[in-house]
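Raw contents of target-v4.cif, mmCIF, N, CA and C atoms:
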data_coords
#
loop_
_atom_site.label_atom_id
_atom_site.label_comp_id
_atom_site.auth_asym_id
_atom_site.auth_seq_id
_atom_site.Cartn_x
_atom_site.Cartn_y
_atom_site.Cartn_z
N MET A 26 13.61 -34.98 -13.54
CA MET A 26 13.54 -34.85 -14.98
C MET A 26 13.75 -33.42 -15.43
N GLN A 27 13.84 -32.50 -14.46
CA GLN A 27 14.09 -31.11 -14.86
C GLN A 27 15.42 -30.96 -15.57
N PHE A 28 16.32 -31.91 -15.38
CA PHE A 28 17.63 -31.83 -16.02
C PHE A 28 17.72 -32.68 -17.28
N HIS A 29 16.60 -33.19 -17.76
CA HIS A 29 16.60 -34.04 -18.94
C HIS A 29 17.27 -33.31 -20.12
N GLU A 30 18.29 -33.93 -20.66
CA GLU A 30 19.08 -33.39 -21.77
C GLU A 30 19.75 -32.06 -21.43
N ARG A 31 19.95 -31.78 -20.12
CA ARG A 31 20.56 -30.51 -19.71
C ARG A 31 21.64 -30.72 -18.66
N VAL A 32 22.28 -31.87 -18.69
CA VAL A 32 23.40 -32.16 -17.79
C VAL A 32 24.60 -32.51 -18.64
N SER A 33 25.72 -31.90 -18.34
CA SER A 33 26.98 -32.21 -19.02
C SER A 33 27.88 -32.97 -18.06
N TYR A 34 28.97 -33.52 -18.62
CA TYR A 34 29.91 -34.31 -17.81
C TYR A 34 31.33 -33.86 -18.12
N HIS A 35 32.18 -33.94 -17.09
CA HIS A 35 33.59 -33.59 -17.23
C HIS A 35 34.40 -34.61 -16.46
N ASP A 36 35.40 -35.20 -17.12
CA ASP A 36 36.24 -36.19 -16.45
C ASP A 36 37.15 -35.54 -15.42
N TYR A 37 37.37 -36.25 -14.34
CA TYR A 37 38.24 -35.78 -13.26
C TYR A 37 39.67 -35.66 -13.75
N GLU A 38 40.29 -34.52 -13.44
CA GLU A 38 41.67 -34.26 -13.87
C GLU A 38 42.61 -34.07 -12.69
N GLY A 39 42.14 -34.27 -11.49
CA GLY A 39 42.96 -34.03 -10.31
C GLY A 39 42.52 -32.74 -9.62
N ILE A 40 43.27 -32.31 -8.64
CA ILE A 40 42.96 -31.07 -7.93
C ILE A 40 42.98 -29.92 -8.93
N ALA A 41 41.97 -29.09 -8.87
CA ALA A 41 41.79 -28.03 -9.87
C ALA A 41 42.75 -26.86 -9.64
N LEU A 42 44.01 -27.11 -9.85
CA LEU A 42 45.02 -26.05 -9.71
C LEU A 42 45.48 -25.52 -11.06
N ASP A 43 45.22 -26.28 -12.10
CA ASP A 43 45.62 -25.90 -13.45
C ASP A 43 44.55 -24.98 -14.04
N LEU A 44 44.89 -23.74 -14.29
CA LEU A 44 43.91 -22.79 -14.81
C LEU A 44 43.39 -23.19 -16.18
N ALA A 45 44.15 -23.97 -16.92
CA ALA A 45 43.69 -24.42 -18.23
C ALA A 45 42.47 -25.34 -18.11
N GLU A 46 42.35 -26.01 -16.96
CA GLU A 46 41.19 -26.88 -16.78
C GLU A 46 39.90 -26.05 -16.74
N ARG A 47 40.00 -24.82 -16.28
CA ARG A 47 38.82 -23.95 -16.23
C ARG A 47 38.17 -23.86 -17.60
N GLU A 48 38.96 -23.68 -18.64
CA GLU A 48 38.42 -23.58 -20.00
C GLU A 48 37.80 -24.90 -20.44
N ARG A 49 38.41 -26.02 -20.03
CA ARG A 49 37.85 -27.32 -20.39
C ARG A 49 36.53 -27.57 -19.66
N ILE A 50 36.44 -27.11 -18.43
CA ILE A 50 35.19 -27.26 -17.67
C ILE A 50 34.09 -26.43 -18.33
N VAL A 51 34.40 -25.21 -18.70
CA VAL A 51 33.41 -24.36 -19.37
C VAL A 51 32.97 -25.00 -20.69
N ALA A 52 33.92 -25.55 -21.42
CA ALA A 52 33.58 -26.22 -22.67
C ALA A 52 32.70 -27.44 -22.42
N SER A 53 33.01 -28.20 -21.37
CA SER A 53 32.20 -29.37 -21.04
C SER A 53 30.78 -28.96 -20.65
N LEU A 54 30.65 -27.88 -19.90
CA LEU A 54 29.34 -27.41 -19.45
C LEU A 54 28.47 -27.00 -20.63
N GLY A 55 29.06 -26.30 -21.58
CA GLY A 55 28.28 -25.84 -22.73
C GLY A 55 27.16 -24.93 -22.29
N ASP A 56 25.97 -25.14 -22.83
CA ASP A 56 24.80 -24.32 -22.49
C ASP A 56 23.94 -24.93 -21.39
N ASN A 57 24.39 -26.01 -20.80
CA ASN A 57 23.61 -26.69 -19.77
C ASN A 57 23.77 -26.02 -18.41
N PRO A 58 22.75 -26.13 -17.55
CA PRO A 58 22.84 -25.53 -16.22
C PRO A 58 23.53 -26.42 -15.20
N ALA A 59 23.85 -27.66 -15.58
CA ALA A 59 24.42 -28.60 -14.61
C ALA A 59 25.57 -29.38 -15.23
N LEU A 60 26.57 -29.64 -14.37
CA LEU A 60 27.75 -30.39 -14.80
C LEU A 60 28.08 -31.40 -13.72
N VAL A 61 28.23 -32.66 -14.13
CA VAL A 61 28.71 -33.69 -13.23
C VAL A 61 30.20 -33.81 -13.46
N LEU A 62 30.96 -33.51 -12.43
CA LEU A 62 32.41 -33.68 -12.47
C LEU A 62 32.65 -35.13 -12.05
N ARG A 63 32.89 -35.98 -13.03
CA ARG A 63 32.99 -37.42 -12.75
C ARG A 63 34.02 -37.69 -11.65
N ASN A 64 33.63 -38.51 -10.70
CA ASN A 64 34.47 -38.89 -9.56
C ASN A 64 34.86 -37.70 -8.70
N HIS A 65 34.10 -36.62 -8.78
CA HIS A 65 34.51 -35.43 -8.03
C HIS A 65 33.34 -34.66 -7.42
N GLY A 66 32.28 -34.40 -8.15
CA GLY A 66 31.18 -33.64 -7.57
C GLY A 66 30.29 -33.03 -8.63
N LEU A 67 29.52 -32.05 -8.20
CA LEU A 67 28.54 -31.40 -9.05
C LEU A 67 28.83 -29.92 -9.15
N LEU A 68 28.41 -29.33 -10.26
CA LEU A 68 28.54 -27.90 -10.48
C LEU A 68 27.26 -27.45 -11.18
N THR A 69 26.68 -26.35 -10.71
CA THR A 69 25.50 -25.82 -11.37
C THR A 69 25.66 -24.33 -11.61
N THR A 70 24.89 -23.84 -12.56
CA THR A 70 24.90 -22.42 -12.89
C THR A 70 23.46 -21.92 -12.86
N GLY A 71 23.32 -20.62 -12.98
CA GLY A 71 21.99 -20.02 -13.06
C GLY A 71 22.12 -18.54 -13.31
N ALA A 72 21.03 -17.93 -13.71
CA ALA A 72 21.02 -16.49 -13.98
C ALA A 72 21.06 -15.69 -12.69
N SER A 73 20.84 -16.34 -11.55
CA SER A 73 20.88 -15.68 -10.24
C SER A 73 21.35 -16.71 -9.22
N ALA A 74 21.66 -16.22 -8.02
CA ALA A 74 22.03 -17.14 -6.93
C ALA A 74 20.88 -18.09 -6.65
N ALA A 75 19.66 -17.58 -6.71
CA ALA A 75 18.48 -18.41 -6.45
C ALA A 75 18.39 -19.55 -7.46
N GLU A 76 18.59 -19.25 -8.73
CA GLU A 76 18.49 -20.28 -9.77
C GLU A 76 19.62 -21.29 -9.64
N MET A 77 20.82 -20.82 -9.39
CA MET A 77 21.96 -21.73 -9.23
C MET A 77 21.73 -22.65 -8.03
N PHE A 78 21.27 -22.09 -6.90
CA PHE A 78 21.02 -22.91 -5.72
C PHE A 78 19.92 -23.92 -5.99
N ASN A 79 18.85 -23.48 -6.65
CA ASN A 79 17.75 -24.36 -6.97
C ASN A 79 18.23 -25.52 -7.83
N ASN A 80 19.05 -25.23 -8.82
CA ASN A 80 19.61 -26.28 -9.67
C ASN A 80 20.44 -27.26 -8.86
N MET A 81 21.29 -26.76 -7.97
CA MET A 81 22.12 -27.64 -7.16
C MET A 81 21.27 -28.46 -6.20
N PHE A 82 20.30 -27.82 -5.58
CA PHE A 82 19.42 -28.49 -4.62
C PHE A 82 18.77 -29.72 -5.26
N TYR A 83 18.20 -29.53 -6.45
CA TYR A 83 17.49 -30.63 -7.09
C TYR A 83 18.41 -31.61 -7.81
N LEU A 84 19.53 -31.15 -8.32
CA LEU A 84 20.48 -32.08 -8.94
C LEU A 84 21.06 -33.03 -7.89
N GLU A 85 21.42 -32.49 -6.74
CA GLU A 85 21.95 -33.34 -5.67
C GLU A 85 20.91 -34.37 -5.23
N ARG A 86 19.67 -33.95 -5.09
CA ARG A 86 18.63 -34.88 -4.69
C ARG A 86 18.37 -35.94 -5.77
N ALA A 87 18.43 -35.53 -7.03
CA ALA A 87 18.25 -36.49 -8.11
C ALA A 87 19.35 -37.55 -8.07
N CYS A 88 20.58 -37.12 -7.80
CA CYS A 88 21.69 -38.08 -7.71
C CYS A 88 21.48 -39.03 -6.52
N GLU A 89 21.08 -38.47 -5.38
CA GLU A 89 20.83 -39.31 -4.20
C GLU A 89 19.74 -40.34 -4.47
N LEU A 90 18.67 -39.91 -5.13
CA LEU A 90 17.57 -40.83 -5.42
C LEU A 90 17.98 -41.90 -6.42
N GLN A 91 18.81 -41.54 -7.40
CA GLN A 91 19.26 -42.53 -8.36
C GLN A 91 20.13 -43.58 -7.69
N VAL A 92 21.02 -43.14 -6.81
CA VAL A 92 21.87 -44.10 -6.09
C VAL A 92 21.01 -45.02 -5.22
N ALA A 93 20.02 -44.44 -4.54
CA ALA A 93 19.14 -45.25 -3.70
C ALA A 93 18.36 -46.26 -4.54
N ALA A 94 17.85 -45.82 -5.68
CA ALA A 94 17.09 -46.72 -6.55
C ALA A 94 17.98 -47.83 -7.09
N GLN A 95 19.19 -47.49 -7.50
CA GLN A 95 20.09 -48.51 -8.05
C GLN A 95 20.57 -49.47 -6.97
N SER A 96 20.62 -49.01 -5.72
CA SER A 96 21.10 -49.87 -4.64
C SER A 96 20.11 -50.99 -4.30
N THR A 97 18.89 -50.90 -4.81
CA THR A 97 17.92 -51.97 -4.56
C THR A 97 18.25 -53.22 -5.37
N GLY A 98 19.04 -53.07 -6.42
CA GLY A 98 19.38 -54.20 -7.28
C GLY A 98 18.30 -54.51 -8.31
N GLN A 99 17.22 -53.78 -8.27
CA GLN A 99 16.13 -53.99 -9.22
C GLN A 99 16.37 -53.15 -10.47
N PRO A 100 15.89 -53.59 -11.61
CA PRO A 100 16.05 -52.76 -12.81
C PRO A 100 15.25 -51.47 -12.66
N LEU A 101 15.81 -50.39 -13.16
CA LEU A 101 15.12 -49.10 -13.10
C LEU A 101 14.04 -49.06 -14.18
N ARG A 102 12.93 -48.44 -13.85
CA ARG A 102 11.85 -48.23 -14.83
C ARG A 102 11.94 -46.79 -15.29
N LEU A 103 12.50 -46.59 -16.45
CA LEU A 103 12.66 -45.25 -16.98
C LEU A 103 11.36 -44.78 -17.62
N VAL A 104 11.11 -43.49 -17.51
CA VAL A 104 9.92 -42.93 -18.14
C VAL A 104 10.19 -42.78 -19.63
N PRO A 105 9.15 -42.80 -20.43
CA PRO A 105 9.34 -42.61 -21.87
C PRO A 105 9.96 -41.24 -22.17
N GLU A 106 10.72 -41.19 -23.25
CA GLU A 106 11.42 -39.97 -23.66
C GLU A 106 10.48 -38.78 -23.76
N GLU A 107 9.30 -38.95 -24.35
CA GLU A 107 8.38 -37.82 -24.51
C GLU A 107 7.86 -37.31 -23.17
N VAL A 108 7.73 -38.19 -22.18
CA VAL A 108 7.32 -37.76 -20.84
C VAL A 108 8.44 -36.95 -20.19
N ALA A 109 9.66 -37.42 -20.32
CA ALA A 109 10.80 -36.70 -19.75
C ALA A 109 10.92 -35.30 -20.35
N ARG A 110 10.77 -35.18 -21.65
CA ARG A 110 10.82 -33.86 -22.30
C ARG A 110 9.68 -32.97 -21.82
N HIS A 111 8.49 -33.55 -21.69
CA HIS A 111 7.32 -32.79 -21.23
C HIS A 111 7.55 -32.26 -19.81
N VAL A 112 8.07 -33.08 -18.93
CA VAL A 112 8.32 -32.65 -17.55
C VAL A 112 9.38 -31.55 -17.52
N ALA A 113 10.42 -31.67 -18.33
CA ALA A 113 11.45 -30.63 -18.38
C ALA A 113 10.84 -29.29 -18.81
N ARG A 114 9.94 -29.33 -19.79
CA ARG A 114 9.26 -28.08 -20.22
C ARG A 114 8.36 -27.55 -19.11
N GLN A 115 7.66 -28.44 -18.42
CA GLN A 115 6.81 -28.00 -17.31
C GLN A 115 7.64 -27.33 -16.23
N TYR A 116 8.78 -27.91 -15.92
CA TYR A 116 9.66 -27.32 -14.91
C TYR A 116 10.09 -25.92 -15.33
N ASP A 117 10.52 -25.78 -16.56
CA ASP A 117 10.93 -24.46 -17.05
C ASP A 117 9.81 -23.44 -16.90
N GLN A 118 8.60 -23.85 -17.22
CA GLN A 118 7.47 -22.92 -17.11
C GLN A 118 7.23 -22.51 -15.67
N THR A 119 7.19 -23.48 -14.76
CA THR A 119 6.87 -23.12 -13.37
C THR A 119 7.97 -22.29 -12.73
N ILE A 120 9.22 -22.59 -13.06
CA ILE A 120 10.33 -21.85 -12.45
C ILE A 120 10.52 -20.49 -13.09
N HIS A 121 10.51 -20.43 -14.41
CA HIS A 121 10.87 -19.19 -15.09
C HIS A 121 9.69 -18.31 -15.44
N GLU A 122 8.51 -18.88 -15.59
CA GLU A 122 7.37 -18.06 -16.01
C GLU A 122 6.35 -17.85 -14.90
N ASP A 123 6.17 -18.84 -14.03
CA ASP A 123 5.12 -18.76 -13.02
C ASP A 123 5.59 -18.21 -11.69
N GLY A 124 6.90 -17.95 -11.53
CA GLY A 124 7.39 -17.34 -10.30
C GLY A 124 7.71 -18.30 -9.18
N ASP A 125 7.72 -19.60 -9.46
CA ASP A 125 8.01 -20.56 -8.40
C ASP A 125 9.43 -20.44 -7.86
N LEU A 126 10.37 -20.01 -8.68
CA LEU A 126 11.75 -19.87 -8.23
C LEU A 126 11.83 -18.91 -7.06
N GLU A 127 11.17 -17.77 -7.15
CA GLU A 127 11.21 -16.79 -6.07
C GLU A 127 10.58 -17.35 -4.79
N LEU A 128 9.50 -18.12 -4.94
CA LEU A 128 8.85 -18.73 -3.77
C LEU A 128 9.78 -19.74 -3.10
N GLU A 129 10.43 -20.58 -3.90
CA GLU A 129 11.34 -21.57 -3.34
C GLU A 129 12.55 -20.91 -2.69
N TRP A 130 13.10 -19.89 -3.32
CA TRP A 130 14.26 -19.19 -2.77
C TRP A 130 13.90 -18.56 -1.43
N ALA A 131 12.74 -17.94 -1.34
CA ALA A 131 12.30 -17.34 -0.07
C ALA A 131 12.16 -18.41 1.01
N ALA A 132 11.66 -19.57 0.64
CA ALA A 132 11.52 -20.66 1.61
C ALA A 132 12.88 -21.15 2.09
N HIS A 133 13.85 -21.28 1.19
CA HIS A 133 15.20 -21.69 1.59
C HIS A 133 15.82 -20.66 2.52
N LEU A 134 15.63 -19.39 2.23
CA LEU A 134 16.19 -18.35 3.09
C LEU A 134 15.54 -18.38 4.48
N ARG A 135 14.24 -18.67 4.55
CA ARG A 135 13.57 -18.78 5.85
C ARG A 135 14.14 -19.96 6.64
N THR A 136 14.38 -21.06 5.95
CA THR A 136 14.97 -22.22 6.62
C THR A 136 16.36 -21.88 7.14
N LEU A 137 17.15 -21.24 6.33
CA LEU A 137 18.49 -20.84 6.74
C LEU A 137 18.44 -19.88 7.93
N GLU A 138 17.54 -18.94 7.89
CA GLU A 138 17.36 -17.99 8.99
C GLU A 138 17.03 -18.72 10.28
N ALA A 139 16.17 -19.73 10.21
CA ALA A 139 15.79 -20.49 11.40
C ALA A 139 16.96 -21.33 11.92
N LEU A 140 17.76 -21.87 11.02
CA LEU A 140 18.89 -22.70 11.42
C LEU A 140 20.04 -21.89 12.00
N ASP A 141 20.37 -20.79 11.32
CA ASP A 141 21.52 -19.99 11.76
C ASP A 141 21.48 -18.61 11.12
N PRO A 142 20.89 -17.63 11.81
CA PRO A 142 20.78 -16.30 11.23
C PRO A 142 22.13 -15.60 11.05
N SER A 143 23.21 -16.19 11.56
CA SER A 143 24.51 -15.55 11.41
C SER A 143 25.03 -15.61 9.97
N TYR A 144 24.32 -16.35 9.09
CA TYR A 144 24.78 -16.41 7.71
C TYR A 144 24.83 -15.02 7.08
N LYS A 145 24.05 -14.08 7.62
CA LYS A 145 24.00 -12.72 7.06
C LYS A 145 25.24 -11.90 7.44
N ASP A 146 26.00 -12.38 8.41
CA ASP A 146 27.16 -11.60 8.89
C ASP A 146 28.27 -11.60 7.92
#
Once you've parsed the file, please lay out its structure as C-alpha coordinates.
Amino acid sequence: MQFHERVSYHDYEGIALDLAERERIVASLGDNPALVLRNHGLLTTGASAAEMFNNMFYLERACELQVAAQSTGQPLRLVPEEVARHVARQYDQTIHEDGDLELEWAAHLRTLEALDPSYKD
(Lines of atoms letter the chains of each structure in order from A and count residues from 1; the text may use other names and numbers.)
(Lines give C-alpha, C1' and ligand atoms only; values in the text may rest on other atoms or scores of the structure.)
Protein backbone atom coordinates (compact mmCIF):
# COMPACT_ATOMS: atom_id res chain seq x y z
CA MET A 1 0.00 0.00 0.00
CA GLN A 2 3.02 2.27 0.09
CA PHE A 3 2.36 2.91 -3.60
CA HIS A 4 -1.33 3.75 -3.15
CA GLU A 5 -2.16 6.49 -5.67
CA ARG A 6 1.56 6.76 -6.51
CA VAL A 7 1.99 4.39 -9.44
CA SER A 8 1.80 5.50 -13.06
CA TYR A 9 1.45 3.39 -16.21
CA HIS A 10 3.00 3.59 -19.67
CA ASP A 11 1.95 1.49 -22.65
CA TYR A 12 4.60 -0.64 -24.34
CA GLU A 13 5.96 0.97 -27.50
CA GLY A 14 8.59 -1.59 -28.50
CA ILE A 15 12.33 -1.60 -27.84
CA ALA A 16 13.24 1.76 -26.32
CA LEU A 17 15.39 3.03 -29.16
CA ASP A 18 13.29 6.08 -29.98
CA LEU A 19 14.51 8.99 -27.86
CA ALA A 20 11.10 10.62 -28.15
CA GLU A 21 9.70 7.82 -26.00
CA ARG A 22 11.87 9.10 -23.15
CA GLU A 23 9.73 12.25 -22.95
CA ARG A 24 6.54 10.18 -23.03
CA ILE A 25 7.83 7.97 -20.22
CA VAL A 26 8.67 11.01 -18.11
CA ALA A 27 5.22 12.43 -18.80
CA SER A 28 3.60 9.11 -17.85
CA LEU A 29 5.60 8.95 -14.61
CA GLY A 30 4.56 12.43 -13.53
CA ASP A 31 5.28 13.02 -9.84
CA ASN A 32 4.97 9.36 -8.87
CA PRO A 33 7.94 7.28 -7.69
CA ALA A 34 6.87 4.18 -9.64
CA LEU A 35 5.96 3.39 -13.23
CA VAL A 36 4.58 0.15 -14.61
CA LEU A 37 5.70 -0.25 -18.20
CA ARG A 38 2.77 -2.33 -19.41
CA ASN A 39 3.89 -5.66 -20.90
CA HIS A 40 7.49 -4.68 -20.26
CA GLY A 41 8.57 -4.09 -16.66
CA LEU A 42 8.90 -1.68 -13.79
CA LEU A 43 10.69 1.62 -13.30
CA THR A 44 11.20 3.46 -10.02
CA THR A 45 12.73 6.73 -8.97
CA GLY A 46 13.96 8.21 -5.72
CA ALA A 47 15.91 11.08 -4.24
CA SER A 48 18.83 8.67 -3.72
CA ALA A 49 19.98 5.24 -4.87
CA ALA A 50 18.71 3.89 -1.56
CA GLU A 51 15.22 5.30 -2.10
CA MET A 52 15.04 4.16 -5.72
CA PHE A 53 16.17 0.64 -4.76
CA ASN A 54 13.72 0.54 -1.86
CA ASN A 55 10.89 1.54 -4.19
CA MET A 56 11.85 -1.14 -6.72
CA PHE A 57 12.32 -3.79 -4.04
CA TYR A 58 8.82 -3.31 -2.66
CA LEU A 59 7.07 -2.62 -5.96
CA GLU A 60 8.40 -5.87 -7.40
CA ARG A 61 7.27 -7.77 -4.32
CA ALA A 62 3.84 -6.13 -4.45
CA CYS A 63 3.47 -7.26 -8.06
CA GLU A 64 4.58 -10.81 -7.19
CA LEU A 65 2.10 -10.98 -4.31
CA GLN A 66 -0.74 -9.66 -6.46
CA VAL A 67 -0.08 -12.27 -9.14
CA ALA A 68 0.06 -15.00 -6.47
CA ALA A 69 -3.18 -13.80 -4.89
CA GLN A 70 -4.97 -13.60 -8.24
CA SER A 71 -3.71 -17.05 -9.24
CA THR A 72 -5.80 -18.59 -6.45
CA GLY A 73 -8.95 -17.79 -8.44
CA GLN A 74 -10.56 -16.32 -5.34
CA PRO A 75 -11.88 -12.76 -5.30
CA LEU A 76 -9.43 -10.29 -3.79
CA ARG A 77 -10.40 -8.57 -0.55
CA LEU A 78 -9.33 -4.99 -1.00
CA VAL A 79 -8.75 -2.78 2.01
CA PRO A 80 -10.93 0.29 2.37
CA GLU A 81 -9.68 3.45 0.65
CA GLU A 82 -9.10 5.29 3.94
CA VAL A 83 -6.93 2.42 5.24
CA ALA A 84 -4.85 2.41 2.07
CA ARG A 85 -4.27 6.18 2.34
CA HIS A 86 -3.39 5.82 6.03
CA VAL A 87 -0.82 3.10 5.32
CA ALA A 88 0.75 5.18 2.53
CA ARG A 89 1.16 8.08 4.97
CA GLN A 90 2.62 5.74 7.60
CA TYR A 91 5.12 4.45 5.07
CA ASP A 92 6.19 7.97 4.15
CA GLN A 93 6.73 8.80 7.80
CA THR A 94 8.81 5.73 8.61
CA ILE A 95 10.95 5.98 5.48
CA HIS A 96 11.42 9.73 5.22
CA GLU A 97 11.11 10.98 8.79
CA ASP A 98 12.05 8.09 11.09
CA GLY A 99 15.22 6.98 9.27
CA ASP A 100 14.06 3.52 8.26
CA LEU A 101 15.33 4.01 4.70
CA GLU A 102 18.93 4.22 5.89
CA LEU A 103 18.48 1.11 8.04
CA GLU A 104 17.01 -0.88 5.15
CA TRP A 105 19.69 0.32 2.72
CA ALA A 106 22.45 -0.73 5.13
CA ALA A 107 20.83 -4.16 5.46
CA HIS A 108 20.66 -4.59 1.66
CA LEU A 109 24.31 -3.63 1.35
CA ARG A 110 25.26 -6.18 4.04
CA THR A 111 23.35 -8.85 2.14
CA LEU A 112 25.08 -7.90 -1.09
CA GLU A 113 28.47 -7.93 0.65
CA ALA A 114 27.79 -11.45 1.95
CA LEU A 115 26.65 -12.69 -1.47
CA ASP A 116 29.38 -11.13 -3.59
CA PRO A 117 31.74 -8.44 -2.28
CA SER A 118 33.07 -7.92 -5.81
CA TYR A 119 30.14 -5.56 -6.47
CA LYS A 120 32.42 -2.78 -5.14
CA ASP A 121 34.96 -3.35 -7.93
Would you mind listing what lies within 8 Å of Gly71 (chain A) as a list in words, with all atoms listed in the file counted and same-chain residues fewer than 3 positions away left out?
-> Asn57, Pro58, Ala59, Ala74, Ala75, Glu76, Met77, Phe78, Asn79 and Asn80 of chain A
Please provide the set of residues having any atom within 6.5 Å of His29 (chain A), restricted to all atoms listed in the file, with same-chain residues fewer than 2 positions apart removed, written as an MDAnalysis selection string.
-> chainID A and resid 26:27 31:32 109 113
Picked residues, the PyMOL selection byres ((chain A and resi 37-44) around 8), as a ChimeraX atom specification = /A:34-36,45-49,61-66
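Between atom C of Glu107 (chain A) and CA of Leu84 (chain A) the interatomic distance comes to 19.7 Å.
Residue nearest Tyr83 (chain A) within the list A:Glu138, A:Asp117, A:Leu60, A:Phe28: A:Phe28 [criterion: smallest interatomic distance, only C-alpha atoms].
Across the structure, atom C of Leu68 (chain A) and atom N of Val104 (chain A) are spaced 23.6 Å apart.
Separating atom N of Ser53 (chain A) from CA of Arg86 (chain A) is a distance of 23.0 Å.
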Chain A: residues DSSP assigns to strand (DSSP E), reported as a VMD selection string = chain A and resid 32 to 35 59 to 62 66 to 69
List every residue of region 30-132 of chain A that DSSP, applied to the backbone, labels as alpha helix (DSSP H), and write the result as a ChimeraX atom specification.
-> /A:44-54,74-95,106-117,125-132
